[in-house]
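Printed here is start14.cif (mmCIF, C-alpha atoms and all ligand atoms):
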```cif
data_input
loop_
_atom_site.label_atom_id
_atom_site.label_comp_id
_atom_site.auth_asym_id
_atom_site.auth_seq_id
_atom_site.Cartn_x
_atom_site.Cartn_y
_atom_site.Cartn_z
CA MET A 1 113.04 56.27 -12.06
CA ARG A 2 113.81 54.66 -15.41
CA THR A 3 111.51 54.42 -18.45
CA GLN A 4 111.72 54.13 -22.23
CA VAL A 5 109.96 57.36 -23.21
CA ALA A 6 109.59 60.37 -20.88
CA ILE A 7 106.68 62.51 -22.07
CA ILE A 8 106.52 66.18 -21.06
CA GLY A 9 102.91 67.45 -20.87
CA ALA A 10 99.55 65.72 -20.26
CA GLY A 11 97.57 67.56 -22.95
CA PRO A 12 96.06 65.63 -25.85
CA SER A 13 99.47 65.02 -27.50
CA GLY A 14 101.18 63.64 -24.42
CA LEU A 15 98.24 61.51 -23.30
CA LEU A 16 97.60 60.05 -26.76
CA LEU A 17 101.29 59.28 -27.25
CA GLY A 18 101.41 57.59 -23.85
CA GLN A 19 98.40 55.45 -24.71
CA LEU A 20 99.68 54.41 -28.17
CA LEU A 21 103.08 53.49 -26.70
CA HIS A 22 101.46 51.53 -23.88
CA LYS A 23 99.42 49.56 -26.44
CA ALA A 24 102.68 48.70 -28.19
CA GLY A 25 104.32 47.60 -24.93
CA ILE A 26 106.62 50.63 -24.63
CA ALA A 27 107.02 51.99 -21.09
CA ASN A 28 106.40 55.71 -20.59
CA VAL A 29 106.03 58.31 -17.86
CA ILE A 30 104.20 61.63 -18.26
CA VAL A 31 105.42 64.71 -16.38
CA GLU A 32 102.83 67.54 -16.22
CA ARG A 33 103.17 70.99 -14.66
CA GLN A 34 99.49 71.43 -13.75
CA THR A 35 96.91 69.31 -11.91
CA GLY A 36 94.71 66.92 -13.90
CA ASP A 37 91.63 69.04 -13.11
CA TYR A 38 93.31 72.16 -14.46
CA VAL A 39 94.14 70.40 -17.73
CA LEU A 40 90.52 69.20 -17.99
CA GLY A 41 89.16 72.68 -17.34
CA ARG A 42 90.66 74.24 -20.46
CA ILE A 43 87.94 74.69 -23.08
CA ARG A 44 89.53 74.42 -26.51
CA ALA A 45 88.96 72.44 -29.68
CA GLY A 46 85.79 70.66 -30.71
CA ILE A 47 86.13 69.07 -34.15
CA LEU A 48 87.97 65.79 -34.79
CA GLU A 49 89.15 64.56 -38.18
CA GLN A 50 88.57 60.90 -39.02
CA VAL A 51 92.32 60.28 -38.62
CA THR A 52 92.05 61.49 -35.00
CA VAL A 53 88.96 59.39 -34.24
CA ASP A 54 90.71 56.34 -35.75
CA LEU A 55 93.77 56.97 -33.58
CA LEU A 56 91.62 57.08 -30.45
CA ALA A 57 90.15 53.71 -31.46
CA GLU A 58 93.65 52.33 -32.14
CA SER A 59 94.75 53.40 -28.67
CA GLY A 60 91.74 51.64 -27.10
CA VAL A 61 89.74 54.75 -26.13
CA GLY A 62 87.42 55.06 -29.12
CA ASP A 63 84.15 53.85 -27.59
CA ARG A 64 82.74 57.06 -26.11
CA VAL A 65 83.61 59.28 -29.07
CA LYS A 66 81.85 56.76 -31.29
CA ARG A 67 78.79 56.74 -29.02
CA GLU A 68 78.57 60.41 -28.09
CA GLY A 69 80.44 62.26 -30.85
CA VAL A 70 78.17 63.91 -33.43
CA VAL A 71 79.16 63.15 -37.02
CA HIS A 72 79.07 66.11 -39.43
CA HIS A 73 78.66 65.53 -43.16
CA SER A 74 78.84 69.19 -44.16
CA ILE A 75 79.82 72.71 -43.11
CA GLU A 76 77.98 75.95 -43.79
CA LEU A 77 79.39 79.28 -44.93
CA VAL A 78 77.53 82.51 -44.23
CA PHE A 79 78.37 85.63 -46.23
CA ALA A 80 76.49 88.66 -47.54
CA GLY A 81 73.59 87.66 -45.33
CA SER A 82 72.99 84.17 -46.81
CA ARG A 83 73.99 80.66 -45.78
CA HIS A 84 75.49 78.05 -48.14
CA PRO A 85 76.12 74.38 -47.33
CA ILE A 86 79.26 72.57 -48.48
CA ASP A 87 78.69 68.83 -48.81
CA VAL A 88 81.98 67.70 -47.31
CA HIS A 89 80.93 64.03 -47.25
CA GLY A 90 79.91 63.98 -50.91
CA LEU A 91 82.94 65.93 -52.11
CA THR A 92 85.50 63.71 -50.33
CA GLY A 93 84.12 60.29 -51.22
CA GLY A 94 82.45 59.76 -47.86
CA LYS A 95 84.71 61.45 -45.28
CA VAL A 96 83.27 63.23 -42.23
CA VAL A 97 84.37 65.09 -39.10
CA THR A 98 83.12 64.47 -35.55
CA ALA A 99 82.05 67.10 -33.00
CA TYR A 100 83.57 65.98 -29.68
CA GLY A 101 85.18 68.33 -27.18
CA GLN A 102 88.90 68.34 -26.42
CA THR A 103 87.98 68.07 -22.73
CA GLU A 104 86.08 64.82 -23.39
CA LEU A 105 88.94 63.38 -25.43
CA THR A 106 91.38 64.36 -22.67
CA LYS A 107 89.17 62.79 -20.02
CA ASP A 108 88.90 59.51 -21.99
CA LEU A 109 92.68 59.34 -22.29
CA MET A 110 93.25 60.22 -18.61
CA ASP A 111 90.75 57.55 -17.51
CA ALA A 112 92.41 54.92 -19.71
CA ARG A 113 95.84 55.88 -18.38
CA GLN A 114 94.67 55.60 -14.81
CA ALA A 115 92.92 52.27 -15.45
CA ALA A 116 96.15 50.88 -16.96
CA GLY A 117 98.09 52.07 -13.91
CA LEU A 118 100.54 54.15 -15.97
CA ALA A 119 102.71 56.71 -14.21
CA THR A 120 101.73 60.38 -14.53
CA VAL A 121 103.43 62.99 -12.38
CA TYR A 122 101.10 65.99 -12.01
CA GLU A 123 102.19 69.31 -10.45
CA ALA A 124 105.82 68.77 -11.45
CA ALA A 125 107.69 72.08 -11.04
CA ASN A 126 110.81 73.33 -12.83
CA VAL A 127 110.93 70.50 -15.34
CA SER A 128 114.27 70.43 -17.19
CA LEU A 129 115.64 68.23 -19.99
CA HIS A 130 119.22 66.94 -20.09
CA ASP A 131 121.66 64.92 -22.22
CA PHE A 132 119.31 64.32 -25.16
CA ASP A 133 122.35 64.72 -27.42
CA GLY A 134 123.67 61.42 -26.05
CA THR A 135 122.09 58.01 -25.55
CA ARG A 136 120.91 58.45 -21.95
CA PRO A 137 118.62 61.48 -21.72
CA ARG A 138 117.26 62.59 -18.35
CA VAL A 139 114.28 64.64 -17.19
CA ARG A 140 114.48 66.43 -13.87
CA TYR A 141 111.62 68.00 -11.90
CA GLU A 142 110.69 69.18 -8.44
CA LYS A 143 107.77 67.87 -6.45
CA ASP A 144 106.81 67.59 -2.77
CA GLY A 145 109.92 69.51 -1.75
CA GLY A 146 112.35 67.15 -3.50
CA THR A 147 114.18 66.92 -6.84
CA HIS A 148 113.47 63.83 -8.94
CA GLU A 149 115.04 62.41 -12.07
CA ILE A 150 113.78 60.14 -14.85
CA GLU A 151 116.32 58.30 -16.98
CA CYS A 152 115.00 57.37 -20.41
CA ASP A 153 115.81 56.44 -24.02
CA PHE A 154 113.82 59.29 -25.55
CA ILE A 155 112.06 62.50 -24.50
CA ALA A 156 108.81 63.59 -26.18
CA GLY A 157 108.15 67.32 -25.78
CA CYS A 158 104.33 67.48 -25.77
CA ASP A 159 104.16 70.53 -23.51
CA GLY A 160 102.37 73.05 -25.70
CA PHE A 161 103.34 76.48 -26.96
CA HIS A 162 104.62 77.77 -23.60
CA GLY A 163 106.41 74.58 -22.58
CA VAL A 164 110.00 73.94 -21.61
CA SER A 165 110.88 71.57 -24.47
CA ARG A 166 111.06 74.03 -27.35
CA ALA A 167 112.58 76.65 -25.04
CA THR A 168 115.40 74.21 -24.24
CA VAL A 169 116.45 74.00 -27.91
CA LYS A 170 115.68 77.59 -28.88
CA ASP A 171 119.16 78.16 -30.30
CA ALA A 172 118.78 75.21 -32.70
CA ILE A 173 115.42 76.08 -34.25
CA THR A 174 114.13 78.38 -36.95
CA GLU A 175 110.78 79.99 -36.15
CA PHE A 176 108.16 81.10 -38.68
CA GLU A 177 105.36 83.23 -37.30
CA ARG A 178 102.35 85.36 -38.16
CA GLU A 179 100.19 87.13 -35.60
CA TYR A 180 96.69 88.28 -36.48
CA PRO A 181 95.31 91.67 -35.43
CA PHE A 182 92.23 90.24 -33.67
CA GLY A 183 91.11 87.50 -31.29
CA TRP A 184 88.19 85.12 -30.83
CA LEU A 185 85.73 85.61 -28.01
CA GLY A 186 84.29 82.18 -27.21
CA VAL A 187 81.18 81.35 -25.20
CA LEU A 188 80.12 77.93 -23.93
CA ALA A 189 76.45 77.56 -22.95
CA ASP A 190 74.08 74.74 -22.08
CA VAL A 191 71.66 75.44 -24.90
CA PRO A 192 70.90 73.27 -27.96
CA PRO A 193 73.23 74.13 -30.87
CA VAL A 194 71.63 76.23 -33.61
CA SER A 195 73.27 74.03 -36.25
CA PRO A 196 73.72 70.54 -34.78
CA HIS A 197 74.78 68.85 -38.01
CA ALA A 198 77.23 71.37 -39.50
CA ILE A 199 79.66 73.95 -38.11
CA VAL A 200 78.75 77.43 -39.39
CA TYR A 201 81.57 79.81 -40.41
CA GLY A 202 80.34 83.38 -40.90
CA ASN A 203 81.87 86.31 -42.80
CA SER A 204 80.20 89.67 -42.23
CA GLU A 205 81.05 93.35 -42.31
CA ARG A 206 80.97 93.23 -38.49
CA GLY A 207 83.59 90.46 -38.43
CA PHE A 208 83.84 86.66 -38.24
CA SER A 209 81.49 84.39 -36.31
CA LEU A 210 81.36 80.63 -35.69
CA CYS A 211 78.57 78.33 -34.47
CA SER A 212 79.80 75.06 -33.02
CA MET A 213 78.76 72.56 -30.38
CA ARG A 214 79.90 70.07 -27.79
CA SER A 215 76.73 67.95 -27.67
CA MET A 216 73.02 68.20 -28.49
CA THR A 217 72.58 70.25 -25.32
CA ARG A 218 75.83 72.25 -25.20
CA SER A 219 76.87 74.94 -27.71
CA ARG A 220 80.11 76.72 -28.45
CA TYR A 221 79.97 80.05 -30.28
CA TYR A 222 82.65 82.56 -31.22
CA VAL A 223 82.85 86.13 -32.56
CA GLN A 224 85.96 87.91 -33.80
CA CYS A 225 86.90 90.72 -31.39
CA PRO A 226 89.69 93.29 -30.96
CA LEU A 227 92.84 91.83 -29.38
CA ASP A 228 92.71 94.24 -26.46
CA ASP A 229 89.04 93.56 -25.61
CA LYS A 230 88.35 92.37 -22.08
CA VAL A 231 85.97 89.51 -21.35
CA GLU A 232 84.30 91.69 -18.68
CA ALA A 233 83.21 94.11 -21.40
CA TRP A 234 81.13 91.33 -22.97
CA SER A 235 77.92 90.63 -21.06
CA ASP A 236 76.08 87.52 -22.26
CA GLN A 237 73.44 89.77 -23.80
CA ARG A 238 76.03 91.75 -25.75
CA PHE A 239 77.57 88.52 -27.03
CA TRP A 240 74.28 87.00 -28.23
CA ASP A 241 73.25 90.27 -29.90
CA GLU A 242 76.57 90.54 -31.74
CA LEU A 243 76.51 86.90 -32.84
CA ARG A 244 72.99 87.30 -34.27
CA ARG A 245 74.01 90.40 -36.23
CA ARG A 246 76.78 88.44 -37.97
CA LEU A 247 74.59 85.53 -39.16
CA ASP A 248 71.88 85.17 -41.79
CA PRO A 249 68.38 86.16 -40.57
CA GLU A 250 67.02 82.60 -40.44
CA LEU A 251 69.84 81.26 -38.28
CA ALA A 252 69.86 84.40 -36.12
CA ALA A 253 66.18 83.91 -35.37
CA ARG A 254 66.72 80.26 -34.37
CA ILE A 255 69.56 80.72 -31.88
CA VAL A 256 68.63 79.62 -28.38
CA THR A 257 70.46 81.77 -25.85
CA GLY A 258 71.22 81.14 -22.20
CA PRO A 259 73.73 81.98 -19.48
CA SER A 260 77.37 81.38 -20.46
CA ILE A 261 79.25 78.73 -18.49
CA GLU A 262 82.63 79.81 -19.90
CA LYS A 263 83.75 82.92 -21.76
CA SER A 264 87.29 83.66 -22.91
CA ILE A 265 89.31 85.55 -25.51
CA ALA A 266 92.06 83.76 -27.46
CA PRO A 267 94.60 85.45 -29.72
CA LEU A 268 95.18 83.99 -33.19
CA ARG A 269 98.62 82.93 -34.36
CA SER A 270 100.35 80.91 -37.04
CA PHE A 271 103.68 79.48 -35.85
CA VAL A 272 106.06 76.71 -36.89
CA ALA A 273 109.40 75.78 -35.29
CA GLU A 274 111.74 73.69 -37.43
CA PRO A 275 113.02 71.02 -37.04
CA MET A 276 110.97 68.85 -34.67
CA ARG A 277 113.80 66.53 -33.60
CA PHE A 278 116.99 67.26 -31.62
CA GLY A 279 118.98 64.09 -30.96
CA ARG A 280 116.75 62.11 -28.62
CA LEU A 281 114.28 64.93 -28.00
CA PHE A 282 111.18 65.13 -30.23
CA LEU A 283 108.60 67.94 -30.28
CA ALA A 284 104.92 67.20 -31.01
CA GLY A 285 101.69 69.22 -31.12
CA ASP A 286 101.49 72.84 -29.97
CA ALA A 287 105.08 72.63 -28.67
CA SER A 288 106.16 72.80 -32.27
CA HIS A 289 103.37 74.56 -34.18
CA ILE A 290 100.26 76.70 -33.72
CA VAL A 291 97.46 77.37 -36.18
CA PRO A 292 94.67 79.92 -35.89
CA PRO A 293 91.54 77.93 -34.91
CA THR A 294 89.69 78.71 -38.17
CA GLY A 295 89.57 75.26 -39.78
CA ALA A 296 89.92 73.32 -36.49
CA LYS A 297 93.36 71.90 -37.23
CA GLY A 298 95.33 72.38 -33.96
CA LEU A 299 94.27 69.31 -32.05
CA ASN A 300 94.17 67.19 -35.20
CA LEU A 301 97.74 68.12 -36.11
CA ALA A 302 98.82 67.19 -32.60
CA ALA A 303 97.23 63.78 -33.14
CA SER A 304 98.97 63.19 -36.47
CA ASP A 305 102.38 64.17 -35.03
CA VAL A 306 101.83 61.66 -32.26
CA LYS A 307 100.87 58.96 -34.73
CA TYR A 308 104.16 59.46 -36.62
CA LEU A 309 106.12 59.59 -33.37
CA SER A 310 104.60 56.50 -31.79
CA SER A 311 105.15 54.52 -35.02
CA ALA A 312 108.78 55.69 -35.08
CA PHE A 313 109.36 54.56 -31.47
CA VAL A 314 107.67 51.21 -32.16
CA GLU A 315 109.93 50.70 -35.19
CA TYR A 316 112.96 51.57 -33.08
CA PHE A 317 112.19 49.33 -30.11
CA GLN A 318 110.62 46.38 -31.95
CA GLU A 319 112.43 46.34 -35.27
CA LYS A 320 115.67 47.99 -34.16
CA SER A 321 115.43 50.50 -37.02
CA ALA A 322 116.01 54.24 -36.64
CA ALA A 323 114.68 55.06 -40.12
CA ALA A 324 111.30 56.45 -38.96
CA ILE A 325 112.93 58.39 -36.15
CA ASP A 326 115.30 59.96 -38.64
CA SER A 327 112.46 61.02 -40.94
CA TYR A 328 110.04 62.10 -38.16
CA SER A 329 110.62 65.83 -38.47
CA GLU A 330 110.41 65.92 -42.25
CA ARG A 331 107.27 63.77 -42.40
CA CYS A 332 105.46 65.86 -39.78
CA LEU A 333 106.45 69.19 -41.24
CA ARG A 334 105.09 68.34 -44.68
CA ARG A 335 101.65 67.80 -43.15
CA VAL A 336 102.03 70.69 -40.68
CA TRP A 337 102.73 73.24 -43.42
CA LYS A 338 99.69 72.16 -45.41
CA ALA A 339 97.48 72.60 -42.35
CA GLU A 340 99.19 75.95 -41.66
CA ARG A 341 98.38 77.04 -45.19
CA PHE A 342 94.74 75.97 -44.93
CA SER A 343 94.19 77.66 -41.55
CA TRP A 344 95.90 80.86 -42.70
CA TRP A 345 93.89 80.94 -45.93
CA LEU A 346 90.53 80.34 -44.22
CA THR A 347 91.39 82.94 -41.57
CA GLY A 348 92.16 85.50 -44.27
CA LEU A 349 88.97 84.70 -46.17
CA MET A 350 86.61 84.90 -43.19
CA HIS A 351 87.89 87.73 -40.94
CA ARG A 352 87.78 91.48 -41.05
CA PHE A 353 91.32 92.92 -41.03
CA PRO A 354 92.17 96.59 -40.34
CA ASP A 355 92.50 97.10 -44.10
CA THR A 356 89.37 95.13 -45.08
CA GLN A 357 87.55 98.18 -46.36
CA GLY A 358 84.79 98.03 -48.98
CA PHE A 359 87.10 96.58 -51.63
CA GLY A 360 88.49 93.87 -49.37
CA GLN A 361 85.00 92.89 -48.20
CA ARG A 362 83.81 92.55 -51.82
CA MET A 363 86.89 90.45 -52.65
CA GLN A 364 86.12 88.07 -49.77
CA GLU A 365 82.47 87.80 -50.85
CA ALA A 366 83.47 87.16 -54.47
CA GLU A 367 85.86 84.39 -53.41
CA LEU A 368 83.21 82.86 -51.13
CA ASP A 369 80.64 83.02 -53.94
CA TYR A 370 83.09 81.25 -56.24
CA LEU A 371 83.91 78.71 -53.52
CA VAL A 372 80.32 77.64 -52.88
CA HIS A 373 79.45 77.41 -56.58
CA SER A 374 82.59 75.75 -57.96
CA ARG A 375 82.86 72.02 -57.38
CA ALA A 376 86.65 72.22 -57.71
CA ALA A 377 86.98 74.99 -55.10
CA SER A 378 84.47 73.34 -52.73
CA THR A 379 86.36 70.05 -53.05
CA ALA A 380 89.65 71.72 -52.13
CA LEU A 381 88.02 73.16 -49.00
CA ALA A 382 86.35 69.85 -48.11
CA GLU A 383 89.54 67.79 -48.56
CA ASN A 384 91.47 70.03 -46.22
CA TYR A 385 88.64 70.27 -43.71
CA VAL A 386 88.31 66.51 -43.22
CA GLY A 387 92.11 66.27 -42.98
CA LEU A 388 94.73 65.32 -45.52
CA PRO A 389 95.79 61.65 -45.52
CA LEU A 390 98.60 60.66 -43.17
P1 LIG A 401 98.44 71.48 -24.86
O1 LIG A 401 96.99 71.13 -24.90
O2 LIG A 401 98.78 72.91 -24.69
O3 LIG A 401 99.08 70.63 -23.69
C1 LIG A 401 100.39 70.85 -23.24
C2 LIG A 401 100.50 70.38 -21.80
O4 LIG A 401 101.83 70.58 -21.35
C3 LIG A 401 101.81 71.16 -20.05
N1 LIG A 401 103.06 71.90 -19.82
C4 LIG A 401 104.09 71.44 -19.08
N2 LIG A 401 104.27 70.29 -18.43
C5 LIG A 401 105.43 70.14 -17.76
N3 LIG A 401 106.43 71.07 -17.74
C6 LIG A 401 106.28 72.23 -18.39
N4 LIG A 401 107.24 73.15 -18.37
C7 LIG A 401 105.07 72.45 -19.11
N5 LIG A 401 104.61 73.47 -19.87
C8 LIG A 401 103.39 73.12 -20.28
C9 LIG A 401 100.57 72.03 -20.06
O5 LIG A 401 100.12 72.31 -18.74
C10 LIG A 401 99.60 71.19 -20.87
O6 LIG A 401 98.84 70.34 -20.06
O7 LIG A 401 99.20 70.98 -26.16
P2 LIG A 401 98.98 69.65 -27.04
O8 LIG A 401 98.84 68.45 -26.17
O9 LIG A 401 99.99 69.69 -28.09
O10 LIG A 401 97.51 69.83 -27.68
C11 LIG A 401 97.28 70.80 -28.64
C12 LIG A 401 95.84 71.32 -28.53
O11 LIG A 401 95.54 71.60 -27.19
C13 LIG A 401 95.69 72.59 -29.37
O12 LIG A 401 96.25 72.41 -30.67
C14 LIG A 401 94.27 73.03 -29.57
O13 LIG A 401 93.53 73.13 -28.39
C15 LIG A 401 94.36 74.40 -30.24
N6 LIG A 401 93.16 75.13 -30.07
C16 LIG A 401 92.12 74.79 -30.86
N7 LIG A 401 92.28 73.82 -31.80
C17 LIG A 401 91.27 73.45 -32.58
O14 LIG A 401 91.45 72.55 -33.39
N8 LIG A 401 90.04 74.08 -32.43
C18 LIG A 401 89.82 75.06 -31.48
O15 LIG A 401 88.73 75.58 -31.36
C19 LIG A 401 90.88 75.46 -30.66
N9 LIG A 401 90.73 76.42 -29.71
C20 LIG A 401 93.04 76.13 -29.09
C21 LIG A 401 91.80 76.76 -28.92
C22 LIG A 401 94.13 76.52 -28.29
C23 LIG A 401 94.03 77.52 -27.32
N10 LIG A 401 95.21 77.89 -26.58
C24 LIG A 401 96.43 77.15 -26.75
C25 LIG A 401 95.35 79.00 -25.77
C26 LIG A 401 91.66 77.75 -27.95
C27 LIG A 401 92.76 78.12 -27.14
C28 LIG A 401 92.49 79.18 -26.11
C1 LIG A 402 85.01 74.59 -31.63
O1 LIG A 402 84.04 73.83 -31.56
O2 LIG A 402 85.51 75.08 -30.62
C2 LIG A 402 85.56 74.93 -32.97
C3 LIG A 402 85.03 74.37 -34.11
C4 LIG A 402 85.54 74.68 -35.35
C5 LIG A 402 86.61 75.55 -35.45
C6 LIG A 402 87.17 76.09 -34.29
C7 LIG A 402 86.63 75.78 -33.05
O3 LIG A 402 87.13 75.85 -36.65
#
```
For this file, write the structure as structure tokens.
Ligand code: RFL
Ligand code: PHB
Amino acid sequence: MRTQVAIIGAGPSGLLLGQLLHKAGIANVIVERQTGDYVLGRIRAGILEQVTVDLLAESGVGDRVKREGVVHHSIELVFAGSRHPIDVHGLTGGKVVTAYGQTELTKDLMDARQAAGLATVYEAANVSLHDFDGTRPRVRYEKDGGTHEIECDFIAGCDGFHGVSRATVKDAITEFEREYPFGWLGVLADVPPVSPHAIVYGNSERGFSLCSMRSMTRSRYYVQCPLDDKVEAWSDQRFWDELRRRLDPELAARIVTGPSIEKSIAPLRSFVAEPMRFGRLFLAGDASHIVPPTGAKGLNLAASDVKYLSSAFVEYFQEKSAAAIDSYSERCLRRVWKAERFSWWLTGLMHRFPDTQGFGQRMQEAELDYLVHSRAASTALAENYVGLPL
């Protein structure tokens, strides 16, 4: 098989890149290790920046998010038992975020890809990347008992944190990493969200909590938990009780509970691999960087990488210029590091660390009190939350 861009991974990065390239008339093939249903079953992000919503529209799949996504004008911070709104819309000159699940975004992109008849190889085993130092890279994989090869002009490594792309160039990258000494226990339930018009981020002496949503009838909630906790130790009842204890009394009283339809524990990590380009291989999304989910930047960063990468390929194929390809890594990393900083800062402000004793707790509360009462500090939070300009 021969194509212009071989894309490894059918997560949000790979699918969005494929769609943007298709719109620009650039042929591409996606090679994915899992089945499509498996990819759709992973419950992850839920908040889209305007830049991400605009990109979906640009790639021709913006209708459903516009119809069904719930626009948020503010966020709410809970600390010391009280709740404080931050008027994100007012502080950023009219910018907003949209609550729309990663699974829905993935489904929209998969449906569009199928409707356009674009090639996606699911359940591809032992994917390997070759000759990206030269002008004729190749991707090899196994499927249905045979070995197959794709010849291409470029390879886009959109295969997430555990993918093969970054592993292939591990000797050529510098890694920067921070692990956090706790995880997030997440619950999905078909109950109306307690705060349908603003995500709630909670700091309490019992640890962090988060109230989010997927729709007006589906909620997503999280509580900080020890890294070695097991999901089985958390009955639904225990989860709802713990969540209530970490919120202000009014919100706690309003929460509608119900049986969980998904429950999982995710570790938190900050990670950046530099650079993001190796000859004709480019990394994008989680393949190259991870943020802790506080701040909801992971999926949005993946989208901005893909925007830079698709524009660079378009410039190369249509205008015969390699300038954008040559600056891809540097342009992405400038934005990546700012999102890393924001996610790291908000994680530090909102969570209980092993050394957050009385003094540390009071420091967090003092900073939060300053944040909600200072227009300058609130604006800095709001600007980062809605996403920095591309
Ligand atoms: P993905 O979504 O991981 O997709 C990568 C795809 O590549 C495939 N793959 C391979 N394919 C072929 N060959 C191989 N060798 C392969 N190895 C892997 C995988 O099967 C997969 O389909 O990366 P992508 O596209 O860059 O998208 C990034 C986002 O998914 C990610 O940033 C966010 O989901 C991060 N994240 C969250 N972000 C938020 O903004 N808010 C959240 O609440 C949030 N929660 C989460 C998260 C990530 C999690 N992970 C990674 C465990 C919760 C979790 C649990
Ligand atoms: C989510 O809806 O899953 C979500 C929302 C905001 C975050 C993280 C996760 O910061």
Contacts with ligand LIG 401 (chain A) at most 8 Å, only C-alpha atoms and all ligand atoms counted, listed as a PyMOL selection string:
chain A and resi 8-15+31-34+39+42-48+102+124-128+158-165+264-267+284-287+290-302
Could you tell me which of A:Trp337, A:Phe359, A:Tyr100, A:Phe317 comes closest to ligand LIG 402 (chain A) if we count all atoms listed in the file?
A:Tyr100
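Proximity to Glu365 of chain A was assessed for A:Ser204, A:Ala380, A:Leu20, A:Trp234 counting only C-alpha atoms; the smallest distance is recorded for A:Ser204.
The coordinates place atom CA of Thr347 of chain A at 22.8 Å from atom CA of Lys95 of chain A.
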Using all atoms listed in the file, find all polymer residues with an atom at most 8 Å away from the point (80.3, 66.2, -36.7); report them as a PyMOL selection string.
chain A and resi 47-48+69-73+96-100+197-199
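With only C-alpha atoms and all ligand atoms as the atoms that count, the minimum distance from ligand LIG 402 (chain A) to the choices A:Arg280, A:Arg218, A:Arg244, A:Arg254 is reached by A:Arg218.
With only C-alpha atoms and all ligand atoms as the atoms that count, the minimum distance from ligand LIG 402 (chain A) to the choices A:Pro196, A:Gly60, A:Gly18, A:Gly207 is reached by A:Pro196.
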To box ligand LIG 402 (chain A), take all atoms listed in the file, fit an axis-aligned box, add 3 Å on each side, and give centre and edge lengths in Å to one decimal, as AutoDock Vina command-line options.
```
--center_x 85.6 --center_y 75.0 --center_z -33.6 --size_x 9.1 --size_y 8.3 --size_z 12.0
```
